[in-house]
file data_15.txt (compact mmCIF, C-alpha atoms)
# COMPACT_ATOMS: atom_id res chain seq x y z
CA MET A 1 -1.37 96.36 -22.22
CA SER A 2 -2.69 95.28 -18.85
CA SER A 3 -3.73 97.58 -16.04
CA VAL A 4 -0.63 96.43 -14.13
CA SER A 5 1.54 97.77 -16.96
CA THR A 6 -0.33 101.06 -16.79
CA VAL A 7 0.18 101.31 -13.03
CA ILE A 8 3.91 100.69 -13.44
CA ALA A 9 4.14 103.28 -16.22
CA GLN A 10 2.31 105.85 -14.07
CA ARG A 11 4.62 105.16 -11.14
CA VAL A 12 7.73 105.51 -13.33
CA ALA A 13 6.43 108.73 -14.88
CA ARG A 14 6.59 110.52 -11.48
CA HIS A 15 10.36 110.17 -11.54
CA ILE A 16 10.85 111.93 -14.89
CA HIS A 17 11.71 115.62 -14.86
CA ASP A 18 10.69 118.34 -17.25
CA GLY A 19 13.07 118.79 -20.17
CA GLU A 20 14.90 115.49 -19.85
CA ILE A 21 16.12 113.50 -22.85
CA VAL A 22 14.59 110.05 -22.40
CA ASN A 23 15.11 106.71 -24.16
CA LEU A 24 12.26 104.24 -23.73
CA GLY A 25 12.82 100.49 -23.94
CA ILE A 26 10.37 98.10 -25.53
CA GLY A 27 7.27 96.97 -23.58
CA ILE A 28 6.09 98.72 -20.40
CA PRO A 29 8.64 101.59 -20.80
CA THR A 30 6.93 102.74 -24.02
CA LEU A 31 3.79 103.51 -21.95
CA VAL A 32 5.58 106.00 -19.73
CA ALA A 33 5.32 108.81 -22.29
CA ASP A 34 1.51 108.64 -22.02
CA HIS A 35 1.52 109.12 -18.24
CA LEU A 36 3.81 112.10 -17.67
CA PRO A 37 2.38 114.57 -15.13
CA ASP A 38 1.11 117.92 -16.38
CA GLY A 39 3.96 120.34 -16.86
CA VAL A 40 6.51 117.61 -17.58
CA ASP A 41 7.60 117.57 -21.19
CA VAL A 42 10.45 115.35 -22.28
CA VAL A 43 12.30 114.76 -25.54
CA LEU A 44 12.33 111.12 -26.62
CA GLN A 45 15.41 109.62 -28.23
CA THR A 46 15.17 106.30 -30.04
CA GLU A 47 18.33 104.33 -30.76
CA ASN A 48 17.45 103.60 -34.38
CA GLY A 49 18.30 107.24 -35.06
CA MET A 50 15.84 109.91 -33.98
CA LEU A 51 15.50 112.66 -31.38
CA GLY A 52 12.07 114.23 -30.91
CA VAL A 53 9.85 111.17 -31.30
CA GLY A 54 6.14 111.95 -31.38
CA PRO A 55 3.09 109.78 -30.58
CA THR A 56 1.63 106.98 -32.67
CA PRO A 57 0.23 108.57 -35.84
CA ALA A 58 -3.26 108.10 -37.28
CA GLU A 59 -3.44 105.23 -39.76
CA ALA A 60 -3.46 107.63 -42.71
CA ASP A 61 -0.27 109.36 -41.50
CA ILE A 62 1.88 106.26 -41.02
CA ASP A 63 5.24 106.52 -42.81
CA PRO A 64 7.01 103.15 -43.15
CA ASN A 65 10.33 105.02 -42.87
CA LEU A 66 9.43 106.49 -39.46
CA VAL A 67 9.57 103.94 -36.64
CA ASN A 68 10.86 103.61 -33.09
CA ALA A 69 13.25 100.95 -31.78
CA GLY A 70 10.31 98.59 -31.37
CA LYS A 71 9.75 99.03 -35.14
CA LEU A 72 6.37 100.62 -34.41
CA PRO A 73 5.19 103.67 -36.36
CA VAL A 74 5.79 107.01 -34.65
CA SER A 75 5.50 110.67 -35.63
CA GLU A 76 7.89 113.59 -35.82
CA LEU A 77 7.66 116.53 -33.42
CA ALA A 78 8.85 120.05 -34.21
CA GLY A 79 12.58 120.22 -33.57
CA ALA A 80 13.11 116.54 -34.32
CA SER A 81 16.25 115.24 -35.97
CA TYR A 82 17.45 112.04 -37.63
CA PHE A 83 20.93 110.57 -37.52
CA SER A 84 22.95 107.43 -38.15
CA SER A 85 23.20 104.47 -35.77
CA SER A 86 26.76 105.39 -34.80
CA ALA A 87 25.71 108.97 -33.97
CA SER A 88 22.73 107.64 -32.01
CA PHE A 89 24.96 105.45 -29.84
CA ALA A 90 27.47 108.27 -29.45
CA MET A 91 24.59 110.12 -27.74
CA ILE A 92 23.75 107.08 -25.63
CA ARG A 93 27.24 105.93 -24.62
CA GLY A 94 28.57 109.44 -24.41
CA GLY A 95 26.28 110.42 -21.54
CA HIS A 96 24.02 112.75 -23.55
CA VAL A 97 20.80 110.88 -22.75
CA ASP A 98 19.43 111.80 -19.30
CA VAL A 99 17.24 108.79 -18.59
CA ALA A 100 16.88 105.26 -19.97
CA ILE A 101 13.78 103.33 -18.95
CA LEU A 102 14.28 99.61 -19.35
CA GLY A 103 12.40 96.38 -18.73
CA ALA A 104 14.03 93.58 -16.72
CA LEU A 105 14.13 89.81 -16.42
CA GLN A 106 15.86 89.95 -13.02
CA LEU A 107 17.66 92.40 -10.72
CA ASP A 108 20.15 91.58 -7.99
CA GLU A 109 20.55 93.15 -4.56
CA GLN A 110 23.22 95.53 -5.85
CA GLY A 111 20.71 96.82 -8.41
CA ARG A 112 22.39 95.15 -11.33
CA ILE A 113 20.07 94.10 -14.15
CA ALA A 114 19.70 91.03 -16.34
CA ASN A 115 17.50 91.85 -19.32
CA TRP A 116 18.94 90.30 -22.47
CA SER A 117 19.45 86.56 -22.27
CA ILE A 118 17.82 83.48 -20.79
CA PRO A 119 20.12 80.62 -19.73
CA GLY A 120 19.82 77.49 -21.82
CA LYS A 121 18.63 79.41 -24.86
CA PRO A 122 21.00 80.54 -27.61
CA ILE A 123 22.32 84.06 -27.09
CA LEU A 124 21.13 85.76 -30.24
CA GLY A 125 19.87 89.19 -29.28
CA VAL A 126 21.11 92.09 -27.19
CA GLY A 127 20.15 95.23 -29.15
CA GLY A 128 20.96 98.51 -27.41
CA ALA A 129 20.32 97.47 -23.79
CA MET A 130 23.99 97.21 -22.78
CA ASP A 131 24.86 100.55 -24.39
CA LEU A 132 22.02 102.31 -22.55
CA LEU A 133 23.13 100.81 -19.24
CA VAL A 134 26.69 102.06 -19.51
CA GLY A 135 25.81 105.43 -21.02
CA ALA A 136 22.51 106.84 -19.78
CA ARG A 137 22.93 109.25 -16.87
CA ARG A 138 20.06 107.63 -14.97
CA VAL A 139 18.61 104.17 -15.54
CA ILE A 140 15.07 103.46 -14.32
CA VAL A 141 13.74 99.90 -14.47
CA ALA A 142 10.03 99.43 -15.12
CA THR A 143 9.04 95.88 -14.30
CA THR A 144 6.40 93.68 -12.73
CA HIS A 145 7.39 92.75 -9.19
CA THR A 146 7.29 89.04 -9.93
CA ALA A 147 7.70 86.87 -13.02
CA LYS A 148 4.69 85.20 -14.68
CA ASP A 149 5.18 82.13 -12.46
CA GLY A 150 5.08 84.31 -9.34
CA ALA A 151 8.82 84.06 -8.62
CA PRO A 152 10.47 87.27 -7.39
CA LYS A 153 12.30 89.21 -10.08
CA ILE A 154 14.40 91.06 -7.50
CA VAL A 155 16.76 88.41 -6.15
CA SER A 156 19.96 88.18 -4.16
CA SER A 157 21.93 87.15 -7.22
CA CYS A 158 20.71 86.85 -10.83
CA ASP A 159 20.40 83.42 -12.48
CA TYR A 160 20.26 85.20 -15.82
CA PRO A 161 23.39 86.80 -17.30
CA LEU A 162 23.90 90.43 -16.29
CA SER A 163 23.58 93.20 -18.88
CA ALA A 164 26.25 95.42 -17.33
CA ASP A 165 28.42 95.68 -14.24
CA ARG A 166 26.78 99.05 -13.47
CA SER A 167 23.83 99.22 -11.08
CA VAL A 168 20.59 100.88 -12.16
CA ASP A 169 19.33 103.91 -10.24
CA LEU A 170 15.68 103.12 -9.59
CA ILE A 171 13.48 100.01 -9.75
CA VAL A 172 9.75 100.63 -10.09
CA THR A 173 7.17 97.85 -9.86
CA GLU A 174 3.39 97.85 -9.43
CA HIS A 175 3.96 97.34 -5.68
CA ALA A 176 7.14 99.13 -4.74
CA THR A 177 9.91 101.51 -5.69
CA PHE A 178 13.52 100.79 -4.77
CA ALA A 179 16.35 103.26 -5.06
CA VAL A 180 19.89 101.93 -5.41
CA ARG A 181 22.10 103.67 -2.86
CA ASP A 182 25.67 102.82 -1.87
CA GLY A 183 25.46 99.52 -3.73
CA GLY A 184 22.27 98.32 -2.01
CA LEU A 185 18.50 98.49 -2.42
CA VAL A 186 16.36 100.93 -0.45
CA LEU A 187 12.58 100.60 -0.46
CA ILE A 188 11.43 104.18 -0.81
CA ASP A 189 7.78 103.81 -1.78
CA LEU A 190 4.87 101.40 -1.50
CA ALA A 191 2.09 101.50 -4.07
CA GLU A 192 -1.40 102.28 -2.86
CA GLY A 193 -2.89 99.08 -1.46
CA SER A 194 0.42 97.29 -1.17
CA THR A 195 2.02 96.34 2.13
CA LEU A 196 5.49 95.92 3.56
CA GLU A 197 4.62 92.27 4.22
CA TRP A 198 3.67 91.61 0.58
CA VAL A 199 6.84 93.23 -0.69
CA GLN A 200 8.95 91.27 1.78
CA GLU A 201 7.36 87.95 0.78
CA ASN A 202 7.80 88.65 -2.92
CA THR A 203 11.30 90.12 -2.97
CA GLY A 204 14.25 87.76 -2.99
CA ALA A 205 16.90 90.35 -2.17
CA ARG A 206 17.95 92.19 0.98
CA TYR A 207 16.88 95.82 1.17
CA THR A 208 16.52 98.57 3.71
CA VAL A 209 13.32 100.55 4.20
CA ALA A 210 13.19 104.33 4.07
CA LEU A 211 9.65 105.17 3.02
CA LYS A 212 8.95 108.75 2.15
CA GLN A 213 5.18 108.44 2.07
CA GLN A 214 4.49 112.15 2.44
CA THR A 215 6.54 113.15 -0.55
CA GLU A 216 5.62 110.24 -2.83
CA VAL A 217 1.92 111.06 -3.17
CA ALA A 218 0.69 110.51 -6.70
CA ARG A 219 -0.05 113.68 -8.55
CA MET B 1 32.39 108.10 -61.02
CA VAL B 2 29.35 106.21 -59.89
CA SER B 3 27.70 103.73 -62.21
CA VAL B 4 23.98 103.11 -62.57
CA SER B 5 23.15 99.48 -62.89
CA THR B 6 20.48 96.84 -62.58
CA ALA B 7 20.42 94.99 -59.29
CA GLU B 8 21.42 91.75 -61.04
CA ALA B 9 24.49 93.30 -62.69
CA ALA B 10 25.52 95.10 -59.49
CA LEU B 11 25.30 91.92 -57.41
CA GLU B 12 27.75 90.17 -59.74
CA LEU B 13 30.35 92.09 -57.75
CA VAL B 14 29.71 89.78 -54.78
CA LYS B 15 32.23 86.91 -54.63
CA PRO B 16 32.17 83.65 -52.66
CA GLY B 17 33.50 84.15 -49.13
CA ASP B 18 32.86 87.90 -49.16
CA THR B 19 31.86 89.94 -46.15
CA VAL B 20 28.72 91.87 -47.08
CA MET B 21 27.26 94.69 -45.00
CA VAL B 22 23.52 95.20 -45.37
CA GLY B 23 21.80 98.33 -44.06
CA GLY B 24 18.49 98.49 -42.23
CA PHE B 25 16.89 98.23 -38.82
CA GLY B 26 14.58 95.27 -39.32
CA LEU B 27 13.09 95.97 -42.74
CA VAL B 28 13.21 99.77 -42.33
CA GLY B 29 15.99 101.15 -44.49
CA ALA B 30 16.87 97.69 -45.80
CA PRO B 31 17.75 97.49 -49.52
CA LEU B 32 15.03 95.02 -50.45
CA THR B 33 15.64 95.14 -54.22
CA LEU B 34 19.34 94.38 -53.71
CA ILE B 35 18.56 91.63 -51.21
CA ALA B 36 16.20 89.99 -53.73
CA ALA B 37 19.00 90.07 -56.32
CA LEU B 38 21.50 88.72 -53.79
CA LEU B 39 19.33 85.59 -53.58
CA GLU B 40 20.08 84.92 -57.26
CA ALA B 41 23.65 86.25 -57.43
CA PRO B 42 26.08 83.58 -58.69
CA GLY B 43 28.90 84.60 -56.34
CA ALA B 44 26.79 84.89 -53.21
CA ARG B 45 28.03 81.85 -51.33
CA ASP B 46 29.79 81.33 -48.02
CA LEU B 47 29.05 84.92 -47.03
CA THR B 48 29.65 86.75 -43.79
CA VAL B 49 26.75 89.17 -43.42
CA VAL B 50 27.04 92.23 -41.18
CA SER B 51 23.58 93.56 -40.39
CA ASN B 52 21.75 94.59 -37.23
CA ASN B 53 19.18 91.83 -37.81
CA LEU B 54 18.85 89.15 -40.45
CA GLY B 55 15.49 90.53 -41.55
CA GLU B 56 12.35 88.76 -40.46
CA PRO B 57 11.28 85.19 -41.21
CA GLY B 58 11.04 84.96 -45.01
CA ARG B 59 11.36 88.74 -45.39
CA GLY B 60 14.34 90.95 -46.25
CA LEU B 61 17.61 89.25 -45.33
CA GLY B 62 15.52 86.49 -43.74
CA ARG B 63 15.01 85.19 -47.30
CA LEU B 64 18.72 84.41 -47.54
CA LEU B 65 18.72 81.88 -44.73
CA PRO B 66 16.96 78.95 -46.43
CA THR B 67 19.36 79.34 -49.39
CA ARG B 68 22.29 78.50 -47.09
CA ARG B 69 24.37 81.31 -48.57
CA VAL B 70 25.27 82.83 -45.19
CA ARG B 71 28.13 81.22 -43.27
CA LYS B 72 28.25 83.80 -40.51
CA ALA B 73 26.10 86.65 -39.29
CA ILE B 74 27.43 89.62 -37.29
CA GLY B 75 24.72 91.76 -35.70
CA SER B 76 22.97 92.79 -32.50
CA TYR B 77 19.48 91.34 -32.54
CA PHE B 78 18.52 88.08 -34.23
CA THR B 79 16.01 86.89 -31.64
CA SER B 80 12.99 88.20 -33.54
CA ASN B 81 13.76 85.91 -36.49
CA ARG B 82 13.03 82.38 -35.34
CA GLU B 83 14.68 81.03 -38.51
CA VAL B 84 18.04 82.47 -37.42
CA VAL B 85 17.65 80.80 -34.03
CA ASN B 86 16.83 77.46 -35.69
CA ALA B 87 19.66 77.72 -38.23
CA HIS B 88 22.07 78.52 -35.41
CA LEU B 89 20.87 75.56 -33.35
CA ALA B 90 21.23 73.30 -36.40
CA GLY B 91 24.83 74.47 -36.80
CA GLU B 92 24.09 75.96 -40.21
CA ILE B 93 25.14 79.48 -39.33
CA GLU B 94 27.74 81.05 -37.06
CA VAL B 95 26.59 84.10 -35.11
CA GLU B 96 28.70 86.91 -33.65
CA LEU B 97 26.58 89.03 -31.35
CA LEU B 98 27.61 92.61 -30.57
CA PRO B 99 25.83 95.31 -28.58
CA GLN B 100 24.08 97.54 -31.09
CA GLY B 101 26.22 100.58 -30.33
CA THR B 102 29.40 98.52 -30.54
CA LEU B 103 28.26 97.14 -33.89
CA ALA B 104 27.57 100.63 -35.25
CA GLU B 105 30.87 102.02 -33.94
CA SER B 106 32.89 99.08 -35.25
CA ILE B 107 31.48 99.78 -38.73
CA ARG B 108 32.19 103.49 -38.34
CA ALA B 109 35.73 102.70 -37.18
CA GLY B 110 36.29 100.26 -40.04
CA GLY B 111 35.29 102.96 -42.51
CA ALA B 112 37.33 105.66 -40.78
CA GLY B 113 40.65 103.83 -40.81
CA ILE B 114 40.54 102.99 -37.11
CA GLY B 115 41.73 99.48 -36.37
CA ALA B 116 40.09 99.04 -32.99
CA PHE B 117 38.75 100.96 -30.01
CA TYR B 118 38.00 100.43 -26.31
CA VAL B 119 34.40 100.63 -25.14
CA ARG B 120 32.70 100.22 -21.76
CA THR B 121 29.70 98.40 -23.22
CA SER B 122 29.66 94.66 -22.43
CA ALA B 123 32.61 94.82 -20.01
CA GLY B 124 31.89 92.42 -17.16
CA THR B 125 29.18 90.57 -19.12
CA LEU B 126 29.09 87.34 -21.13
CA LEU B 127 29.49 89.32 -24.37
CA GLY B 128 32.69 90.88 -23.08
CA GLU B 129 34.26 87.57 -22.06
CA GLY B 130 37.52 86.78 -23.80
CA LYS B 131 38.01 90.31 -25.09
CA GLU B 132 41.10 92.30 -24.22
CA GLU B 133 40.40 94.75 -21.42
CA ARG B 134 41.81 98.04 -20.25
CA VAL B 135 40.76 100.23 -17.33
CA ILE B 136 40.21 103.79 -18.53
CA ASP B 137 39.13 106.52 -16.08
CA GLY B 138 38.60 103.79 -13.50
CA GLU B 139 36.16 101.79 -15.63
CA ARG B 140 36.59 98.48 -17.44
CA HIS B 141 36.60 98.75 -21.22
CA VAL B 142 36.81 95.98 -23.82
CA LEU B 143 38.73 96.07 -27.08
CA GLN B 144 36.59 95.98 -30.22
CA TYR B 145 38.06 95.70 -33.71
CA GLY B 146 36.72 97.76 -36.58
CA LEU B 147 34.64 95.99 -39.23
CA LYS B 148 35.21 96.22 -42.95
CA ALA B 149 33.46 94.55 -45.86
CA ASN B 150 34.01 93.64 -49.47
CA VAL B 151 30.59 94.93 -50.44
CA ALA B 152 27.98 97.12 -48.71
CA LEU B 153 24.35 97.02 -49.82
CA ILE B 154 22.66 100.17 -48.58
CA ARG B 155 19.35 102.01 -48.98
CA ALA B 156 18.88 105.74 -49.50
CA GLN B 157 15.91 107.77 -50.63
CA LYS B 158 17.63 109.82 -53.27
CA ALA B 159 20.93 109.98 -55.17
CA ASP B 160 22.31 112.43 -57.67
CA ARG B 161 24.31 111.31 -60.70
CA LEU B 162 27.57 111.72 -58.80
CA GLY B 163 26.35 109.33 -56.11
CA ASN B 164 25.63 111.83 -53.33
CA LEU B 165 22.99 110.27 -51.08
CA ALA B 166 20.11 111.54 -48.94
CA TYR B 167 18.23 109.25 -46.58
CA ALA B 168 14.60 109.13 -45.43
CA ARG B 169 13.90 109.68 -41.73
CA THR B 170 14.66 106.59 -39.61
CA ALA B 171 15.47 104.59 -42.74
CA GLN B 172 18.97 106.07 -42.32
CA ASN B 173 20.14 103.89 -39.37
CA PHE B 174 23.21 101.80 -40.30
CA ASN B 175 23.32 102.87 -43.96
CA PRO B 176 25.61 105.94 -43.71
CA ASP B 177 28.10 104.03 -41.54
CA MET B 178 28.15 101.05 -43.89
CA ALA B 179 28.64 103.37 -46.88
CA THR B 180 32.10 104.15 -45.51
CA ALA B 181 33.24 100.65 -44.59
CA ALA B 182 33.19 98.56 -47.79
CA LYS B 183 35.39 98.39 -50.87
CA ILE B 184 32.32 98.36 -53.11
CA VAL B 185 29.23 100.32 -52.05
CA ILE B 186 25.98 99.65 -53.90
CA ALA B 187 23.13 102.02 -53.02
CA GLU B 188 19.49 101.28 -53.74
CA VAL B 189 17.50 104.50 -54.18
CA ASP B 190 13.98 105.60 -55.07
CA GLU B 191 15.19 108.22 -57.53
CA ILE B 192 18.33 109.49 -59.24
CA VAL B 193 18.36 113.25 -59.79
CA GLU B 194 20.70 115.63 -61.61
CA VAL B 195 23.80 116.94 -59.87
CA GLY B 196 22.85 120.00 -57.82
CA GLU B 197 19.30 118.88 -57.14
CA ILE B 198 20.31 117.63 -53.72
CA ALA B 199 21.48 120.77 -51.92
CA PRO B 200 25.05 120.36 -50.65
CA GLU B 201 23.94 120.75 -47.03
CA ARG B 202 21.32 118.02 -47.52
CA VAL B 203 23.86 115.43 -48.69
CA ASP B 204 24.11 112.75 -45.97
CA THR B 205 26.68 110.52 -47.68
CA PRO B 206 29.14 112.29 -50.03
CA HIS B 207 29.59 110.60 -53.39
CA LEU B 208 33.19 109.49 -52.87
CA PHE B 209 31.91 106.62 -50.75
CA VAL B 210 29.47 105.30 -53.37
CA ASP B 211 30.30 103.09 -56.37
CA CYS B 212 27.03 101.97 -57.87
CA LEU B 213 23.39 103.06 -57.88
CA VAL B 214 20.41 100.76 -58.38
CA LEU B 215 16.82 101.97 -58.67
CA SER B 216 14.47 100.43 -56.12
CA GLN B 217 11.75 98.27 -57.63
CA LYS B 218 8.36 99.23 -56.31
CA GLY B 219 6.23 96.53 -54.82
CA ILE B 220 9.06 94.03 -54.57
CA ASN B 221 8.24 91.13 -52.27
CA PRO B 222 10.09 92.08 -49.12
call {"tool": "encode", "arguments": {"input": "data_15.txt", "output": "structure tokens"}}
result
Amino acid sequence: MSSVSTVIAQRVARHIHDGEIVNLGIGIPTLVADHLPDGVDVVLQTENGMLGVGPTPAEADIDPNLVNAGKLPVSELAGASYFSSSASFAMIRGGHVDVAILGALQLDEQGRIANWSIPGKPILGVGGAMDLLVGARRVIVATTHTAKDGAPKIVSSCDYPLSADRSVDLIVTEHATFAVRDGGLVLIDLAEGSTLEWVQENTGARYTVALKQQTEVAR
Amino acid sequence: MVSVSTAEAALELVKPGDTVMVGGFGLVGAPLTLIAALLEAPGARDLTVVSNNLGEPGRGLGRLLPTRRVRKAIGSYFTSNREVVNAHLAGEIEVELLPQGTLAESIRAGGAGIGAFYVRTSAGTLLGEGKEERVIDGERHVLQYGLKANVALIRAQKADRLGNLAYARTAQNFNPDMATAAKIVIAEVDEIVEVGEIAPERVDTPHLFVDCLVLSQKGINP
């Protein structure tokens, strides 16, 4: 993955607390586990039916029956468990997963996310994204600030279909971090080297600014 | 009492127009020997297939598509199989897309004698459009019917001669739910052991759900 992806993963990792149960989406979110600060240990849940997911195994230790939701080989940590799909989504929908970290196609100025379908293309995949959005206690979005063509991903209103009527809690990009408070976006952090002007030019939604520079220093 | 059969003989139980549940998350935990036999089964026409994915292009359930045996697919994620997208665009296959958790719960409900349930997932989105709604605890929920099948094709690691099943790691996924939701449940397993060799507390699917066991063929083209 690119250095931008790594920066985003590092910036997301600061918002994860020790002991939390975390579900990682496909793409940039999977990198977050590699960037947790010292002293922060989490338990990873994967919706295909496992709690206690461990890191990518060595080639010789790959078990074709042990994969994450991205269908990539993983390992089993002490204390891990396996369960059915219905039990896995009972955990997710039932509010037993502390944090879901998801990628995004677009976000609107209420913090609602579109991350499953592109207009004009057949709607043929949704996976577990909608379940995680309604069920996870906190939802953190890990995304590039702009799309590949440079267009803002954070917009006043999404062109793409929404994934849920619930707002996410935090939006983390390589340039900025927005919290969703009282139904609106609040810019709470600028990445090192980024500026308020850049963020303003590349964000298509209204937001307020409440930087907490002193407390947001990278560890 | 469970029967032990070849895949070919077991798949004769599939009739035209049947709804068939097929376990697996992608190819992991998919009954590849049974799927290969389904390709040749005389009654496997005009099927509704319930499965999280339709395999991958030319692999697993993906092999069924070119044979035009599937009328409708119910699942949560078909995007990774370009052939499903193309078949859908060509009007060759109907697709019902459900959120993955709703899919799993509808199978669980179907097997548990629950006709339908209300769920928050997809309320207020395109996938929830047209579904009956109810506000519960101040939040919109949509009505989802349970799913049942004529036949379930599932994959376990081990069975005993009664049909008790134990699964391997994340190869479990949809298999235990589907084992409860079909009139005829055919389980593909790596080995069949004597009764008592799977400890009672290690039984994932009790034998009353299982009708037929088929030994997995090693090295089968997935």
call {"tool": "interface_residues", "arguments": {"input": "data_15.txt", "of": "chain A", "to": "chain B", "cutoff": "7 Å", "atoms": "only C-alpha atoms", "output": "list in words"}}
result
Asn48, Gly49, Met50, Asn65, Leu66, Val67, Tyr82, Phe83, Ser84, Ser85, Ser86, Phe89, Leu124, Gly125, Val126, Gly127, Gly128, Met130, Asp131, Val134, Pro161, Leu162, Ser163, Ala164 and Asp165 of chain A
call {"tool": "residues_around", "arguments": {"input": "data_15.txt", "residues": "Pro31 in chain B", "least_positions_apart": "6", "cutoff": "7 Å", "atoms": "only C-alpha atoms", "output": "list in words"}}
result
Gly23, Leu153, Ile154, Arg155 and Glu188 of chain B
call {"tool": "closest_residue", "arguments": {"input": "data_15.txt", "among": "A:Ser5, A:Val53, A:Arg137, A:Pro73", "to": "Gly27 in chain A", "atoms": "all atoms listed in the file"}}
result
A:Ser5
call {"tool": "atom_distance", "arguments": {"input": "data_15.txt", "atom1": "CA of Pro152 in chain A", "atom2": "CA of Gln106 in chain A"}}
result
8.2 Å
call {"tool": "residues_around", "arguments": {"input": "data_15.txt", "residues": "Asp41 in chain A", "least_positions_apart": "6", "cutoff": "10 Å", "atoms": "only C-alpha atoms", "output": "CSV table (one decimal) with C-alpha atoms, in the frame of the given file"}}
result
chain,number,residue,atom,x,y,z
A,16,ILE,CA,10.8,111.9,-14.9
A,17,HIS,CA,11.7,115.6,-14.9
A,18,ASP,CA,10.7,118.3,-17.2
A,19,GLY,CA,13.1,118.8,-20.2
A,20,GLU,CA,14.9,115.5,-19.8
A,21,ILE,CA,16.1,113.5,-22.8
A,33,ALA,CA,5.3,108.8,-22.3
call {"tool": "atom_distance", "arguments": {"input": "data_15.txt", "atom1": "CA of Val141 in chain A", "atom2": "CA of Arg166 in chain A"}}
result
13.1 Å
call {"tool": "decode", "arguments": {"input": "data_15.txt", "residues": "range 37-54 of chain B", "atoms": "N, CA and C atoms", "output": "PDB file, in the first residue's frame"}}
result
ATOM      1  N   ALA B  37     -20.446 -31.847  -8.503  1.00  0.00           N
ATOM      2  CA  ALA B  37     -21.501 -32.803  -8.854  1.00  0.00           C
ATOM      3  C   ALA B  37     -22.791 -32.091  -9.251  1.00  0.00           C
ATOM      4  N   LEU B  38     -23.031 -30.933  -8.661  1.00  0.00           N
ATOM      5  CA  LEU B  38     -24.235 -30.157  -9.006  1.00  0.00           C
ATOM      6  C   LEU B  38     -24.208 -29.766 -10.482  1.00  0.00           C
ATOM      7  N   LEU B  39     -22.998 -29.548 -11.010  1.00  0.00           N
ATOM      8  CA  LEU B  39     -22.851 -29.182 -12.426  1.00  0.00           C
ATOM      9  C   LEU B  39     -23.399 -30.265 -13.344  1.00  0.00           C
ATOM     10  N   GLU B  40     -23.356 -31.520 -12.865  1.00  0.00           N
ATOM     11  CA  GLU B  40     -23.762 -32.659 -13.702  1.00  0.00           C
ATOM     12  C   GLU B  40     -25.128 -33.211 -13.291  1.00  0.00           C
ATOM     13  N   ALA B  41     -25.703 -32.664 -12.205  1.00  0.00           N
ATOM     14  CA  ALA B  41     -26.922 -33.270 -11.663  1.00  0.00           C
ATOM     15  C   ALA B  41     -28.103 -33.058 -12.618  1.00  0.00           C
ATOM     16  N   PRO B  42     -28.843 -34.138 -12.932  1.00  0.00           N
ATOM     17  CA  PRO B  42     -29.917 -34.031 -13.916  1.00  0.00           C
ATOM     18  C   PRO B  42     -31.022 -33.054 -13.516  1.00  0.00           C
ATOM     19  N   GLY B  43     -31.299 -32.950 -12.213  1.00  0.00           N
ATOM     20  CA  GLY B  43     -32.407 -32.090 -11.788  1.00  0.00           C
ATOM     21  C   GLY B  43     -32.016 -30.652 -11.525  1.00  0.00           C
ATOM     22  N   ALA B  44     -30.742 -30.345 -11.673  1.00  0.00           N
ATOM     23  CA  ALA B  44     -30.264 -29.004 -11.300  1.00  0.00           C
ATOM     24  C   ALA B  44     -30.529 -28.006 -12.425  1.00  0.00           C
ATOM     25  N   ARG B  45     -31.776 -27.568 -12.496  1.00  0.00           N
ATOM     26  CA  ARG B  45     -32.166 -26.563 -13.489  1.00  0.00           C
ATOM     27  C   ARG B  45     -33.081 -25.547 -12.819  1.00  0.00           C
ATOM     28  N   ASP B  46     -33.036 -24.308 -13.313  1.00  0.00           N
ATOM     29  CA  ASP B  46     -33.981 -23.303 -12.848  1.00  0.00           C
ATOM     30  C   ASP B  46     -33.864 -23.097 -11.332  1.00  0.00           C
ATOM     31  N   LEU B  47     -32.638 -23.105 -10.839  1.00  0.00           N
ATOM     32  CA  LEU B  47     -32.413 -23.086  -9.391  1.00  0.00           C
ATOM     33  C   LEU B  47     -32.397 -21.662  -8.838  1.00  0.00           C
ATOM     34  N   THR B  48     -32.842 -21.535  -7.588  1.00  0.00           N
ATOM     35  CA  THR B  48     -32.551 -20.345  -6.797  1.00  0.00           C
ATOM     36  C   THR B  48     -31.436 -20.744  -5.845  1.00  0.00           C
ATOM     37  N   VAL B  49     -30.315 -20.048  -5.925  1.00  0.00           N
ATOM     38  CA  VAL B  49     -29.168 -20.382  -5.085  1.00  0.00           C
ATOM     39  C   VAL B  49     -29.008 -19.323  -4.003  1.00  0.00           C
ATOM     40  N   VAL B  50     -28.967 -19.773  -2.748  1.00  0.00           N
ATOM     41  CA  VAL B  50     -28.724 -18.874  -1.622  1.00  0.00           C
ATOM     42  C   VAL B  50     -27.286 -19.106  -1.171  1.00  0.00           C
ATOM     43  N   SER B  51     -26.448 -18.097  -1.331  1.00  0.00           N
ATOM     44  CA  SER B  51     -25.039 -18.236  -0.980  1.00  0.00           C
ATOM     45  C   SER B  51     -24.453 -16.838  -0.859  1.00  0.00           C
ATOM     46  N   ASN B  52     -23.533 -16.645   0.072  1.00  0.00           N
ATOM     47  CA  ASN B  52     -22.997 -15.295   0.279  1.00  0.00           C
ATOM     48  C   ASN B  52     -22.446 -14.710  -1.015  1.00  0.00           C
ATOM     49  N   ASN B  53     -21.691 -15.540  -1.763  1.00  0.00           N
ATOM     50  CA  ASN B  53     -21.148 -15.143  -3.054  1.00  0.00           C
ATOM     51  C   ASN B  53     -21.537 -16.233  -4.041  1.00  0.00           C
ATOM     52  N   LEU B  54     -21.319 -16.011  -5.300  1.00  0.00           N
ATOM     53  CA  LEU B  54     -21.469 -17.124  -6.253  1.00  0.00           C
ATOM     54  C   LEU B  54     -20.077 -17.581  -6.660  1.00  0.00           C
TER      55      LEU B  54
END
